[in-house]
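Undergrad: File name final-v3.cif; file contents mmCIF, C-alpha atoms and all ligand atoms; chains and numbers go by the auth columns; full text below.
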data_final
#
loop_
_atom_site.group_PDB
_atom_site.id
_atom_site.type_symbol
_atom_site.label_atom_id
_atom_site.label_comp_id
_atom_site.label_asym_id
_atom_site.label_seq_id
_atom_site.Cartn_x
_atom_site.Cartn_y
_atom_site.Cartn_z
_atom_site.B_iso_or_equiv
_atom_site.auth_seq_id
_atom_site.auth_asym_id
ATOM 1 C CA MET A 1 111.764 118.407 95.027 0.00 1 E
ATOM 2 C CA LEU A 2 115.198 117.278 96.122 0.00 2 E
ATOM 3 C CA THR A 3 115.719 113.619 95.270 0.00 3 E
ATOM 4 C CA LEU A 4 118.431 111.548 96.845 0.00 4 E
ATOM 5 C CA GLN A 5 120.824 110.053 94.375 0.00 5 E
ATOM 6 C CA ALA A 6 120.834 106.294 94.779 0.00 6 E
ATOM 7 C CA LYS A 7 124.186 105.012 95.972 0.00 7 E
ATOM 8 C CA SER A 8 125.342 101.432 95.966 0.00 8 E
ATOM 9 C CA LEU A 9 126.254 99.883 99.293 0.00 9 E
ATOM 10 C CA ALA A 10 129.914 100.042 98.279 0.00 10 E
ATOM 11 C CA GLU A 11 129.601 103.821 97.822 0.00 11 E
ATOM 12 C CA THR A 12 127.869 104.385 101.148 0.00 12 E
ATOM 13 C CA THR A 13 130.411 105.667 103.582 0.00 13 E
ATOM 14 C CA ARG A 14 131.560 103.675 106.572 0.00 14 E
ATOM 15 C CA HIS A 15 130.481 106.689 108.595 0.00 15 E
ATOM 16 C CA ALA A 16 126.806 106.220 107.664 0.00 16 E
ATOM 17 C CA ARG A 17 127.007 102.493 108.411 0.00 17 E
ATOM 18 C CA GLU A 18 128.478 103.212 111.858 0.00 18 E
ATOM 19 C CA ARG A 19 125.451 105.412 112.666 0.00 19 E
ATOM 20 C CA LEU A 20 122.690 102.896 112.035 0.00 20 E
ATOM 21 C CA ILE A 21 121.683 100.509 114.845 0.00 21 E
ATOM 22 C CA VAL A 22 119.153 97.782 114.027 0.00 22 E
ATOM 23 C CA ALA A 23 116.955 96.801 116.996 0.00 23 E
ATOM 24 C CA LEU A 24 116.501 93.029 117.274 0.00 24 E
ATOM 25 C CA ASP A 25 113.184 93.090 119.154 0.00 25 E
ATOM 26 C CA VAL A 26 112.422 89.376 118.874 0.00 26 E
ATOM 27 C CA SER A 27 112.365 86.539 121.384 0.00 27 E
ATOM 28 C CA SER A 28 114.649 83.884 119.912 0.00 28 E
ATOM 29 C CA SER A 29 118.176 83.582 118.584 0.00 29 E
ATOM 30 C CA ALA A 30 116.821 82.007 115.416 0.00 30 E
ATOM 31 C CA ALA A 31 114.596 85.007 114.706 0.00 31 E
ATOM 32 C CA ALA A 32 117.426 87.417 115.527 0.00 32 E
ATOM 33 C CA GLN A 33 119.944 85.597 113.328 0.00 33 E
ATOM 34 C CA LYS A 34 117.418 85.568 110.475 0.00 34 E
ATOM 35 C CA ILE A 35 117.190 89.371 110.639 0.00 35 E
ATOM 36 C CA VAL A 36 120.974 89.733 110.868 0.00 36 E
ATOM 37 C CA PHE A 37 121.364 87.468 107.842 0.00 37 E
ATOM 38 C CA GLU A 38 118.719 89.339 105.833 0.00 38 E
ATOM 39 C CA VAL A 39 120.201 92.751 106.655 0.00 39 E
ATOM 40 C CA GLY A 40 123.628 91.455 105.591 0.00 40 E
ATOM 41 C CA ASP A 41 126.301 94.106 105.100 0.00 41 E
ATOM 42 C CA CYS A 42 123.770 96.956 105.211 0.00 42 E
ATOM 43 C CA ALA A 43 124.242 97.378 108.976 0.00 43 E
ATOM 44 C CA CYS A 44 126.991 96.500 111.399 0.00 44 E
ATOM 45 C CA ILE A 45 125.491 97.384 114.825 0.00 45 E
ATOM 46 C CA PHE A 46 122.631 95.336 116.289 0.00 46 E
ATOM 47 C CA LYS A 47 120.745 96.146 119.485 0.00 47 E
ATOM 48 C CA ILE A 48 119.803 93.370 121.884 0.00 48 E
ATOM 49 C CA GLY A 49 117.340 94.471 124.551 0.00 49 E
ATOM 50 C CA THR A 50 115.934 92.915 127.692 0.00 50 E
ATOM 51 C CA GLN A 51 113.421 90.723 125.825 0.00 51 E
ATOM 52 C CA LEU A 52 115.944 88.906 123.649 0.00 52 E
ATOM 53 C CA PHE A 53 118.665 88.824 126.314 0.00 53 E
ATOM 54 C CA THR A 54 116.267 87.354 128.868 0.00 54 E
ATOM 55 C CA ALA A 55 115.125 84.734 126.368 0.00 55 E
ATOM 56 C CA GLU A 56 118.474 83.701 124.950 0.00 56 E
ATOM 57 C CA GLY A 57 121.191 84.991 127.268 0.00 57 E
ATOM 58 C CA PRO A 58 124.818 85.808 126.489 0.00 58 E
ATOM 59 C CA GLN A 59 125.479 83.095 123.891 0.00 59 E
ATOM 60 C CA LEU A 60 123.683 85.052 121.174 0.00 60 E
ATOM 61 C CA VAL A 61 125.829 88.087 121.998 0.00 61 E
ATOM 62 C CA ARG A 62 128.983 85.963 121.727 0.00 62 E
ATOM 63 C CA ASP A 63 127.793 84.501 118.419 0.00 63 E
ATOM 64 C CA LEU A 64 127.040 87.886 116.871 0.00 64 E
ATOM 65 C CA VAL A 65 130.345 89.344 118.043 0.00 65 E
ATOM 66 C CA ALA A 66 132.203 86.270 116.723 0.00 66 E
ATOM 67 C CA SER A 67 130.535 86.794 113.334 0.00 67 E
ATOM 68 C CA GLY A 68 131.945 90.327 113.125 0.00 68 E
ATOM 69 C CA ARG A 69 128.859 92.288 114.186 0.00 69 E
ATOM 70 C CA LYS A 70 128.888 95.015 116.793 0.00 70 E
ATOM 71 C CA VAL A 71 126.416 94.510 119.623 0.00 71 E
ATOM 72 C CA PHE A 72 124.637 97.247 121.567 0.00 72 E
ATOM 73 C CA LEU A 73 123.430 95.527 124.754 0.00 73 E
ATOM 74 C CA ASP A 74 120.489 97.631 125.902 0.00 74 E
ATOM 75 C CA LEU A 75 119.965 96.318 129.440 0.00 75 E
ATOM 76 C CA LYS A 76 119.376 99.756 131.026 0.00 76 E
ATOM 77 C CA LEU A 77 121.183 98.828 134.252 0.00 77 E
ATOM 78 C CA HIS A 78 119.959 100.597 137.393 0.00 78 E
ATOM 79 C CA ASP A 79 121.096 99.344 140.811 0.00 79 E
ATOM 80 C CA ILE A 80 123.583 100.146 143.577 0.00 80 E
ATOM 81 C CA PRO A 81 127.032 101.136 142.258 0.00 81 E
ATOM 82 C CA ASN A 82 128.761 97.887 143.226 0.00 82 E
ATOM 83 C CA THR A 83 126.126 95.731 141.528 0.00 83 E
ATOM 84 C CA VAL A 84 126.117 97.825 138.363 0.00 84 E
ATOM 85 C CA ALA A 85 129.935 97.805 138.225 0.00 85 E
ATOM 86 C CA SER A 86 129.938 94.000 138.540 0.00 86 E
ATOM 87 C CA ALA A 87 127.319 93.676 135.803 0.00 87 E
ATOM 88 C CA VAL A 88 129.257 96.045 133.513 0.00 88 E
ATOM 89 C CA ALA A 89 132.406 93.957 134.056 0.00 89 E
ATOM 90 C CA GLU A 90 130.503 90.837 132.960 0.00 90 E
ATOM 91 C CA VAL A 91 128.995 92.622 129.958 0.00 91 E
ATOM 92 C CA ALA A 92 132.445 93.850 128.907 0.00 92 E
ATOM 93 C CA LYS A 93 133.658 90.230 128.826 0.00 93 E
ATOM 94 C CA LEU A 94 131.100 89.641 126.061 0.00 94 E
ATOM 95 C CA LYS A 95 132.962 92.253 123.977 0.00 95 E
ATOM 96 C CA VAL A 96 129.864 94.319 123.293 0.00 96 E
ATOM 97 C CA SER A 97 130.399 97.740 121.718 0.00 97 E
ATOM 98 C CA MET A 98 127.699 99.690 123.562 0.00 98 E
ATOM 99 C CA LEU A 99 125.831 99.291 126.837 0.00 99 E
ATOM 100 C CA THR A 100 123.097 101.277 128.629 0.00 100 E
ATOM 101 C CA VAL A 101 122.716 102.314 132.271 0.00 101 E
ATOM 102 C CA HIS A 102 120.026 104.589 133.740 0.00 102 E
ATOM 103 C CA ALA A 103 121.326 108.102 134.432 0.00 103 E
ATOM 104 C CA SER A 104 118.805 108.360 137.274 0.00 104 E
ATOM 105 C CA GLY A 105 120.883 105.760 139.162 0.00 105 E
ATOM 106 C CA GLY A 106 123.016 108.733 140.198 0.00 106 E
ATOM 107 C CA GLY A 107 126.582 109.995 139.822 0.00 107 E
ATOM 108 C CA LYS A 108 128.232 107.281 141.919 0.00 108 E
ATOM 109 C CA MET A 109 126.505 104.537 139.993 0.00 109 E
ATOM 110 C CA LEU A 110 127.471 106.105 136.651 0.00 110 E
ATOM 111 C CA ALA A 111 131.086 106.621 137.692 0.00 111 E
ATOM 112 C CA SER A 112 131.263 102.999 138.909 0.00 112 E
ATOM 113 C CA ALA A 113 129.918 101.768 135.577 0.00 113 E
ATOM 114 C CA VAL A 114 132.473 103.855 133.670 0.00 114 E
ATOM 115 C CA ALA A 115 135.331 102.665 135.896 0.00 115 E
ATOM 116 C CA ALA A 116 134.324 99.010 135.485 0.00 116 E
ATOM 117 C CA ALA A 117 134.164 99.387 131.701 0.00 117 E
ATOM 118 C CA GLY A 118 137.573 101.056 131.745 0.00 118 E
ATOM 119 C CA GLN A 119 139.123 97.921 133.246 0.00 119 E
ATOM 120 C CA ALA A 120 138.146 95.859 130.195 0.00 120 E
ATOM 121 C CA PRO A 121 140.620 95.231 127.344 0.00 121 E
ATOM 122 C CA ALA A 122 138.053 96.701 124.912 0.00 122 E
ATOM 123 C CA PRO A 123 135.819 99.007 126.986 0.00 123 E
ATOM 124 C CA PRO A 124 132.249 99.247 125.718 0.00 124 E
ATOM 125 C CA THR A 125 130.738 102.692 125.120 0.00 125 E
ATOM 126 C CA ILE A 126 128.672 103.538 128.209 0.00 126 E
ATOM 127 C CA LEU A 127 125.411 105.252 127.308 0.00 127 E
ATOM 128 C CA ALA A 128 123.123 106.723 129.953 0.00 128 E
ATOM 129 C CA VAL A 129 119.380 106.614 129.425 0.00 129 E
ATOM 130 C CA THR A 130 117.904 110.024 130.289 0.00 130 E
ATOM 131 C CA VAL A 131 114.105 110.334 130.328 0.00 131 E
ATOM 132 C CA LEU A 132 112.262 107.434 128.734 0.00 132 E
ATOM 133 C CA THR A 133 110.410 108.765 125.715 0.00 133 E
ATOM 134 C CA SER A 134 107.319 106.923 126.941 0.00 134 E
ATOM 135 C CA MET A 135 107.249 109.232 129.979 0.00 135 E
ATOM 136 C CA GLU A 136 104.650 111.973 129.814 0.00 136 E
ATOM 137 C CA HIS A 137 105.048 115.416 131.300 0.00 137 E
ATOM 138 C CA SER A 138 102.158 114.804 133.724 0.00 138 E
ATOM 139 C CA GLU A 139 103.990 111.819 135.226 0.00 139 E
ATOM 140 C CA LEU A 140 107.100 113.765 136.255 0.00 140 E
ATOM 141 C CA PRO A 141 105.691 115.253 139.490 0.00 141 E
ATOM 142 C CA ARG A 142 104.488 111.778 140.523 0.00 142 E
ATOM 143 C CA ILE A 143 108.074 110.542 140.511 0.00 143 E
ATOM 144 C CA GLY A 144 109.261 113.659 142.323 0.00 144 E
ATOM 145 C CA VAL A 145 110.641 115.521 139.310 0.00 145 E
ATOM 146 C CA ARG A 146 110.153 119.285 138.932 0.00 146 E
ATOM 147 C CA GLY A 147 110.291 121.087 135.601 0.00 147 E
ATOM 148 C CA THR A 148 109.824 119.941 132.035 0.00 148 E
ATOM 149 C CA ILE A 149 110.985 116.800 130.258 0.00 149 E
ATOM 150 C CA VAL A 150 113.696 118.855 128.534 0.00 150 E
ATOM 151 C CA ASP A 151 114.913 120.182 131.914 0.00 151 E
ATOM 152 C CA GLN A 152 115.116 116.655 133.291 0.00 152 E
ATOM 153 C CA THR A 153 116.824 115.329 130.160 0.00 153 E
ATOM 154 C CA LEU A 154 119.461 118.081 130.404 0.00 154 E
ATOM 155 C CA ARG A 155 119.921 117.463 134.134 0.00 155 E
ATOM 156 C CA LEU A 156 120.449 113.717 133.645 0.00 156 E
ATOM 157 C CA ALA A 157 122.615 114.162 130.551 0.00 157 E
ATOM 158 C CA THR A 158 124.850 116.587 132.474 0.00 158 E
ATOM 159 C CA LEU A 159 125.145 114.081 135.316 0.00 159 E
ATOM 160 C CA ALA A 160 126.053 111.340 132.849 0.00 160 E
ATOM 161 C CA ILE A 161 128.677 113.334 130.977 0.00 161 E
ATOM 162 C CA THR A 162 130.309 114.776 134.108 0.00 162 E
ATOM 163 C CA ASN A 163 130.631 111.253 135.498 0.00 163 E
ATOM 164 C CA GLY A 164 132.454 110.004 132.423 0.00 164 E
ATOM 165 C CA CYS A 165 129.730 108.364 130.348 0.00 165 E
ATOM 166 C CA ASP A 166 130.457 108.304 126.625 0.00 166 E
ATOM 167 C CA GLY A 167 126.983 109.367 125.637 0.00 167 E
ATOM 168 C CA ILE A 168 123.277 109.288 126.274 0.00 168 E
ATOM 169 C CA VAL A 169 120.056 107.888 124.877 0.00 169 E
ATOM 170 C CA ALA A 170 117.443 110.574 124.256 0.00 170 E
ATOM 171 C CA SER A 171 114.569 111.509 122.004 0.00 171 E
ATOM 172 C CA ALA A 172 115.639 113.137 118.742 0.00 172 E
ATOM 173 C CA HIS A 173 113.332 116.009 119.715 0.00 173 E
ATOM 174 C CA GLU A 174 115.745 117.034 122.463 0.00 174 E
ATOM 175 C CA VAL A 175 119.003 116.628 120.532 0.00 175 E
ATOM 176 C CA ARG A 176 119.418 120.253 119.404 0.00 176 E
ATOM 177 C CA GLU A 177 118.959 121.525 122.940 0.00 177 E
ATOM 178 C CA LEU A 178 121.387 118.914 124.302 0.00 178 E
ATOM 179 C CA ARG A 179 124.022 119.873 121.744 0.00 179 E
ATOM 180 C CA SER A 180 123.676 123.590 122.377 0.00 180 E
ATOM 181 C CA GLU A 181 123.827 123.189 126.177 0.00 181 E
ATOM 182 C CA LEU A 182 126.380 120.398 126.483 0.00 182 E
ATOM 183 C CA GLY A 183 128.513 120.533 123.349 0.00 183 E
ATOM 184 C CA LYS A 184 129.583 118.009 120.786 0.00 184 E
ATOM 185 C CA ASP A 185 131.903 115.615 122.562 0.00 185 E
ATOM 186 C CA PHE A 186 129.512 112.820 123.423 0.00 186 E
ATOM 187 C CA ALA A 187 127.329 110.315 121.647 0.00 187 E
ATOM 188 C CA ILE A 188 123.566 110.764 121.368 0.00 188 E
ATOM 189 C CA VAL A 189 121.640 107.646 120.424 0.00 189 E
ATOM 190 C CA THR A 190 118.054 108.267 119.316 0.00 190 E
ATOM 191 C CA PRO A 191 115.194 105.757 118.967 0.00 191 E
ATOM 192 C CA GLY A 192 111.740 106.655 117.639 0.00 192 E
ATOM 193 C CA ILE A 193 113.010 106.928 114.069 0.00 193 E
ATOM 194 C CA ARG A 194 110.796 106.504 111.029 0.00 194 E
ATOM 195 C CA PRO A 195 111.898 106.888 107.400 0.00 195 E
ATOM 196 C CA PRO A 196 109.636 109.203 105.387 0.00 196 E
ATOM 197 C CA GLY A 197 106.346 107.482 104.546 0.00 197 E
ATOM 198 C CA SER A 198 106.685 104.489 106.883 0.00 198 E
ATOM 199 C CA GLU A 199 104.254 103.262 109.569 0.00 199 E
ATOM 200 C CA LYS A 200 104.615 104.864 112.989 0.00 200 E
ATOM 201 C CA GLY A 201 103.579 101.753 114.938 0.00 201 E
ATOM 202 C CA ASP A 202 103.368 102.618 118.655 0.00 202 E
ATOM 203 C CA GLN A 203 105.919 105.438 118.383 0.00 203 E
ATOM 204 C CA ALA A 204 104.032 108.689 118.949 0.00 204 E
ATOM 205 C CA ARG A 205 106.627 111.396 118.249 0.00 205 E
ATOM 206 C CA VAL A 206 108.730 110.178 115.355 0.00 206 E
ATOM 207 C CA VAL A 207 111.636 111.803 113.536 0.00 207 E
ATOM 208 C CA THR A 208 113.171 110.853 110.186 0.00 208 E
ATOM 209 C CA PRO A 209 116.722 109.440 110.003 0.00 209 E
ATOM 210 C CA ALA A 210 118.037 112.573 108.279 0.00 210 E
ATOM 211 C CA GLU A 211 116.336 114.917 110.774 0.00 211 E
ATOM 212 C CA ALA A 212 117.842 113.062 113.743 0.00 212 E
ATOM 213 C CA ILE A 213 121.377 113.113 112.343 0.00 213 E
ATOM 214 C CA SER A 214 121.047 116.763 111.208 0.00 214 E
ATOM 215 C CA ALA A 215 119.970 117.735 114.722 0.00 215 E
ATOM 216 C CA GLY A 216 123.162 116.230 116.125 0.00 216 E
ATOM 217 C CA ALA A 217 122.427 112.580 116.924 0.00 217 E
ATOM 218 C CA THR A 218 125.429 110.321 116.409 0.00 218 E
ATOM 219 C CA HIS A 219 123.374 107.121 116.064 0.00 219 E
ATOM 220 C CA ILE A 220 119.813 106.184 115.177 0.00 220 E
ATOM 221 C CA VAL A 221 118.045 103.056 116.434 0.00 221 E
ATOM 222 C CA VAL A 222 115.664 101.566 113.898 0.00 222 E
ATOM 223 C CA GLY A 223 113.562 98.483 114.518 0.00 223 E
ATOM 224 C CA ARG A 224 110.387 97.649 112.649 0.00 224 E
ATOM 225 C CA PRO A 225 110.970 99.811 109.545 0.00 225 E
ATOM 226 C CA ILE A 226 113.894 97.439 108.825 0.00 226 E
ATOM 227 C CA THR A 227 113.004 94.192 110.591 0.00 227 E
ATOM 228 C CA GLY A 228 109.401 94.250 109.354 0.00 228 E
ATOM 229 C CA ALA A 229 110.268 95.182 105.759 0.00 229 E
ATOM 230 C CA ARG A 230 109.804 92.695 102.931 0.00 230 E
ATOM 231 C CA ASP A 231 113.451 93.353 102.040 0.00 231 E
ATOM 232 C CA PRO A 232 115.297 94.377 105.239 0.00 232 E
ATOM 233 C CA ALA A 233 118.578 94.967 103.387 0.00 233 E
ATOM 234 C CA ALA A 234 116.899 97.350 100.942 0.00 234 E
ATOM 235 C CA ALA A 235 115.178 99.185 103.808 0.00 235 E
ATOM 236 C CA ALA A 236 118.503 99.566 105.640 0.00 236 E
ATOM 237 C CA ARG A 237 120.277 100.678 102.460 0.00 237 E
ATOM 238 C CA GLU A 238 117.686 103.409 101.896 0.00 238 E
ATOM 239 C CA ILE A 239 118.192 104.688 105.432 0.00 239 E
ATOM 240 C CA LEU A 240 121.968 104.684 104.953 0.00 240 E
ATOM 241 C CA GLN A 241 121.556 106.840 101.874 0.00 241 E
ATOM 242 C CA GLN A 242 119.402 109.282 103.836 0.00 242 E
ATOM 243 C CA ILE A 243 122.080 109.752 106.553 0.00 243 E
ATOM 244 C CA ASP A 244 125.143 109.683 104.331 0.00 244 E
ATOM 245 C CA PHE A 245 126.064 113.366 104.515 0.00 245 E
HETATM 246 O O1 LIG B . 110.588 99.254 116.013 0.00 1 M
HETATM 247 P P1 LIG B . 111.099 100.598 116.493 0.00 1 M
HETATM 248 O O2 LIG B . 111.943 101.320 115.468 0.00 1 M
HETATM 249 O O3 LIG B . 110.015 101.444 117.076 0.00 1 M
HETATM 250 O O4 LIG B . 112.102 100.197 117.683 0.00 1 M
HETATM 251 C C1 LIG B . 112.766 101.154 118.427 0.00 1 M
HETATM 252 C C2 LIG B . 113.680 100.528 119.409 0.00 1 M
HETATM 253 O O5 LIG B . 114.139 101.549 120.294 0.00 1 M
HETATM 254 C C3 LIG B . 113.047 99.476 120.311 0.00 1 M
HETATM 255 O O6 LIG B . 114.081 98.515 120.616 0.00 1 M
HETATM 256 C C4 LIG B . 112.641 100.239 121.531 0.00 1 M
HETATM 257 O O7 LIG B . 112.638 99.451 122.697 0.00 1 M
HETATM 258 C C5 LIG B . 113.766 101.253 121.629 0.00 1 M
HETATM 259 N N1 LIG B . 113.428 102.439 122.390 0.00 1 M
HETATM 260 C C6 LIG B . 112.393 103.318 122.078 0.00 1 M
HETATM 261 N N2 LIG B . 112.170 104.420 122.835 0.00 1 M
HETATM 262 C C7 LIG B . 112.943 104.662 123.887 0.00 1 M
HETATM 263 C C8 LIG B . 113.987 103.803 124.209 0.00 1 M
HETATM 264 C C9 LIG B . 114.203 102.693 123.427 0.00 1 M
HETATM 265 O O8 LIG B . 111.686 103.103 121.107 0.00 1 M
HETATM 266 N N3 LIG B . 112.755 105.734 124.593 0.00 1 M
#
Kindly present the structure from the file in structure tokens form.
Ligand code: C5P
TA:
Amino acid sequence: MLTLQAKSLAETTRHARERLIVALDVSSSAAAQKIVFEVGDCACIFKIGTQLFTAEGPQLVRDLVASGRKVFLDLKLHDIPNTVASAVAEVAKLKVSMLTVHASGGGKMLASAVAAAGQAPAPPTILAVTVLTSMEHSELPRIGVRGTIVDQTLRLATLAITNGCDGIVASAHEVRELRSELGKDFAIVTPGIRPPGSEKGDQARVVTPAEAISAGATHIVVGRPITGARDPAAAAREILQQIDF
């Protein structure tokens, strides 16, 4: 059996560290800062979603950015183009590194988001959410969508890329298809990641860190396998070693 050679954190490439995003799925700044502290130098990008942002607001984002961390603000914006553009402009003021919008908001909305980000001194990476991985095939016709989940993911990813988005959020199961149809020049961020041997939790279709990156994902989002570990830094370090190729 192939065994991974243990590397120290100092030996782990910057490249691997830039690919790991730790999801801060908690409801207070204190809990989030505890995780950030425990993870230490083993990760540099932290995802704040709607739960934590609604609870604590922009000050936590400012604090994390001021402490040298990169923030992925996962607000999944979806509204009329003018409203989304205004929200993106406000988000950019927080100096976040990555931000999500829903691709299903349409081309005008996506282009407005991209244009608003482009006005910022340090534009955040605009990622478009394609099909939520919680969506089942049987639900698609009920929301007026024809075809398979892969068809819809490709359709929305194409819309996002042609309107200037920097990347998309998609299931790791669709990454190979996305790469072969749409090429290499955009980011693919994949949640639903589980290191070999860890608990699945509520994630049904999981993929290992190495599988996701091998398939062509540029970033993996990992929550509970790191935040729920007895030693979050060690858990993150192990994942870094698995994607350091
Ligand atoms: O704890 P776990 O690793 O399952 O967390 C995954 C993170 O990715 C959570 O923040 C979750 O909201 C997010 N996510 C997901 N599936 C999606 C989109 C986002 O699990 N389709």
Undergrad: Evaluate the PyMOL selection byres (((not hetatm)) within 7 of (chain M and resi 1)) and record the selected residues as a list in words, following the chain and residue labels used in the document.
TA: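 In the shown coordinates, the PyMOL selection byres (((not hetatm)) within 7 of (chain M and resi 1)) covers Ala23, Leu24, Asp25, Gly49, Leu132, Thr133, Ser134, Ala170, Ser171, Pro191, Gly192, Ile193, Arg194, Gly201, Asp202, Gln203, Val221, Val222, Gly223, Arg224 and Pro225 of chain E.
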Undergrad: So the first atom is atom CA of His219 of chain E and the second is atom CA of Gly57 of chain E; what is the distance between them in Å, to one decimal place?
TA: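 Taking atom CA of His219 of chain E and atom CA of Gly57 of chain E, their separation equals 24.9 Å.
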Undergrad: When distances are computed from only C-alpha atoms, which of E:Ala66, E:Ile161, E:Ala234, E:Ile243 shows the smallest separation from Ala217 of chain E?
TA: E:Ile243
Undergrad: Determine, counting all atoms listed in the file, every residue of protein, DNA or RNA that lies within 12 Å of (121.1, 85.9, 114.9) in the file coordinates, then give the result as an MDAnalysis selection string.
TA: chainID E and resid 23:40 46:48 52 56 59:69 71
Undergrad: Between atom CA of Phe245 of chain E and atom CA of Ala43 of chain E, measure the distance and give it in Å to one decimal.
TA: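 Rounded to one decimal, the two atoms are 16.7 Å apart.
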Undergrad: Measuring atom to atom with only C-alpha atoms, identify which of E:Thr153, E:Thr125, E:Thr83, E:Thr218 is nearest to His137 of chain E.
TA: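 Comparing E:Thr153, E:Thr125, E:Thr83, E:Thr218 against His137 of chain E, the winner is E:Thr153.
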Undergrad: Quick one, how far is atom CA of Ile126 of chain E from atom CA of Gly164 of chain E?
TA: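 Going from atom CA of Ile126 of chain E over to atom CA of Gly164 of chain E, I get 8.6 Å.
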Undergrad: Could you state which residues are captured by the PyMOL selection byres (((chain E and resi 74) around 7) and not hetatm) in this file, as a VMD selection string?
TA: chain E and resid 47 to 50 72 to 73 75 to 76 99 to 100
Undergrad: For the structure provided, state which residues fall under the PyMOL selection byres (((chain E and resi 172) around 6) and not hetatm), and present them as a ChimeraX atom specification.
TA: /E:171,173-175,190,212
Undergrad: Please provide as a ChimeraX atom specification all residues within 12 Å of Thr13 of chain E, with the sequence filter that same-chain residues fewer than 5 positions apart are discarded (counting all atoms listed in the file).
TA: /E:7-8,18-20,42-43,237,240-245
Undergrad: From the list E:Ala235, E:Val206, E:Val129, E:Ala103, which residue is nearest Asn163 of chain E when using only C-alpha atoms?
TA: E:Ala103
Undergrad: Write out as a Markdown table a residue-level contact list of segment 164-242 of chain E versus segment 112-116 of chain E with cut-off 12 Å: for each qualifying residue the closest pair of atoms and the distance in Å to one decimal, counting all atoms listed in the file, rows sorted by chain and residue number upward.
TA:
| residue | atom | partner | partner_atom | distance |
| --- | --- | --- | --- | --- |
| E:Gly164 | CA | E:Val114 | CA | 6.3 |
| E:Cys165 | CA | E:Val114 | CA | 6.2 |
| E:Asp166 | CA | E:Val114 | CA | 8.6 |
| E:Gly167 | CA | E:Val114 | CA | 11.2 |
Undergrad: What box, with edges along x, y and z, holds each listed atom of segment 118-135 of chain E when 6 Å is added on every side, and can you state its centre and edge lengths in Å to one decimal, as JSON?
TA:
{"center_x": 123.9, "center_y": 102.8, "center_z": 129.1, "size_x": 45.4, "size_y": 27.1, "size_z": 20.3}
Undergrad: Restricting the calculation to only C-alpha atoms: of E:Thr162, E:Gln152, E:Thr130, E:Gln119, which residue gets closest to Glu90 of chain E?
TA: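 With only C-alpha atoms as the atom set, the closest residue is E:Gln119.
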Undergrad: Find the spatial neighbours of segment 92-94 of chain E, counting all atoms listed in the file, within a cut-off of 8 Å - ignore same-chain residues fewer than 2 positions away - and output them as a list in words.
TA: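 That gives Pro58, Val61, Arg62, Val88, Ala89, Glu90, Val96, Ala117, Ala120, Ala122, Pro123 and Pro124 of chain E.
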Undergrad: Which residue is closest to Arg179 of chain E? Choose from E:Thr148, E:Ser214, E:Thr227, E:Thr12 and count all atoms listed in the file.
TA: E:Ser214
Undergrad: Using all atoms listed in the file, which protein or nucleic acid residues come within 10 Å of Met109 of chain E? Drop anything in the same chain fewer than 6 positions from it, and give the result as a PDB file with C-alpha atoms, in the frame of the given file.
TA:
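Output saved as out.pdb:
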ATOM      1  CA  LEU E  77     121.183  98.828 134.252  1.00  0.00           C
ATOM      2  CA  HIS E  78     119.959 100.597 137.393  1.00  0.00           C
ATOM      3  CA  ASP E  79     121.096  99.344 140.811  1.00  0.00           C
ATOM      4  CA  ILE E  80     123.583 100.146 143.577  1.00  0.00           C
ATOM      5  CA  PRO E  81     127.032 101.136 142.258  1.00  0.00           C
ATOM      6  CA  ASN E  82     128.761  97.887 143.226  1.00  0.00           C
ATOM      7  CA  THR E  83     126.126  95.731 141.528  1.00  0.00           C
ATOM      8  CA  VAL E  84     126.117  97.825 138.363  1.00  0.00           C
ATOM      9  CA  ALA E  85     129.935  97.805 138.225  1.00  0.00           C
ATOM     10  CA  VAL E 101     122.716 102.314 132.271  1.00  0.00           C
ATOM     11  CA  HIS E 102     120.026 104.589 133.740  1.00  0.00           C
ATOM     12  CA  ALA E 103     121.326 108.102 134.432  1.00  0.00           C
ATOM     13  CA  ALA E 115     135.331 102.665 135.896  1.00  0.00           C
ATOM     14  CA  ALA E 160     126.053 111.340 132.849  1.00  0.00           C
ATOM     15  CA  ASN E 163     130.631 111.253 135.498  1.00  0.00           C
TER      16      ASN E 163
END
Undergrad: Restricting the calculation to all atoms listed in the file: of E:Pro195, E:Ile220, E:Ile45, E:Glu211, which residue gets closest to Glu238 of chain E?
TA: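 Checking each of E:Pro195, E:Ile220, E:Ile45, E:Glu211 against Glu238 of chain E, counting all atoms listed in the file, the winner is E:Pro195.
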Undergrad: Is it possible to add N, CA and C atoms to segment 208-213 of chain E and hand it back as a compact mmCIF listing (two decimals), in the coordinates of the input?
TA:
# COMPACT_ATOMS: atom_id res chain seq x y z
N THR E 208 112.56 111.62 111.28
CA THR E 208 113.17 110.85 110.19
C THR E 208 114.67 110.65 110.47
N PRO E 209 115.28 109.66 109.80
CA PRO E 209 116.72 109.44 110.00
C PRO E 209 117.53 110.71 109.74
N ALA E 210 117.25 111.38 108.64
CA ALA E 210 118.04 112.57 108.28
C ALA E 210 117.84 113.70 109.29
N GLU E 211 116.59 113.86 109.78
CA GLU E 211 116.34 114.92 110.77
C GLU E 211 117.12 114.66 112.05
N ALA E 212 117.15 113.39 112.49
CA ALA E 212 117.84 113.06 113.74
C ALA E 212 119.34 113.34 113.62
N ILE E 213 119.93 112.91 112.52
CA ILE E 213 121.38 113.11 112.34
C ILE E 213 121.68 114.61 112.15
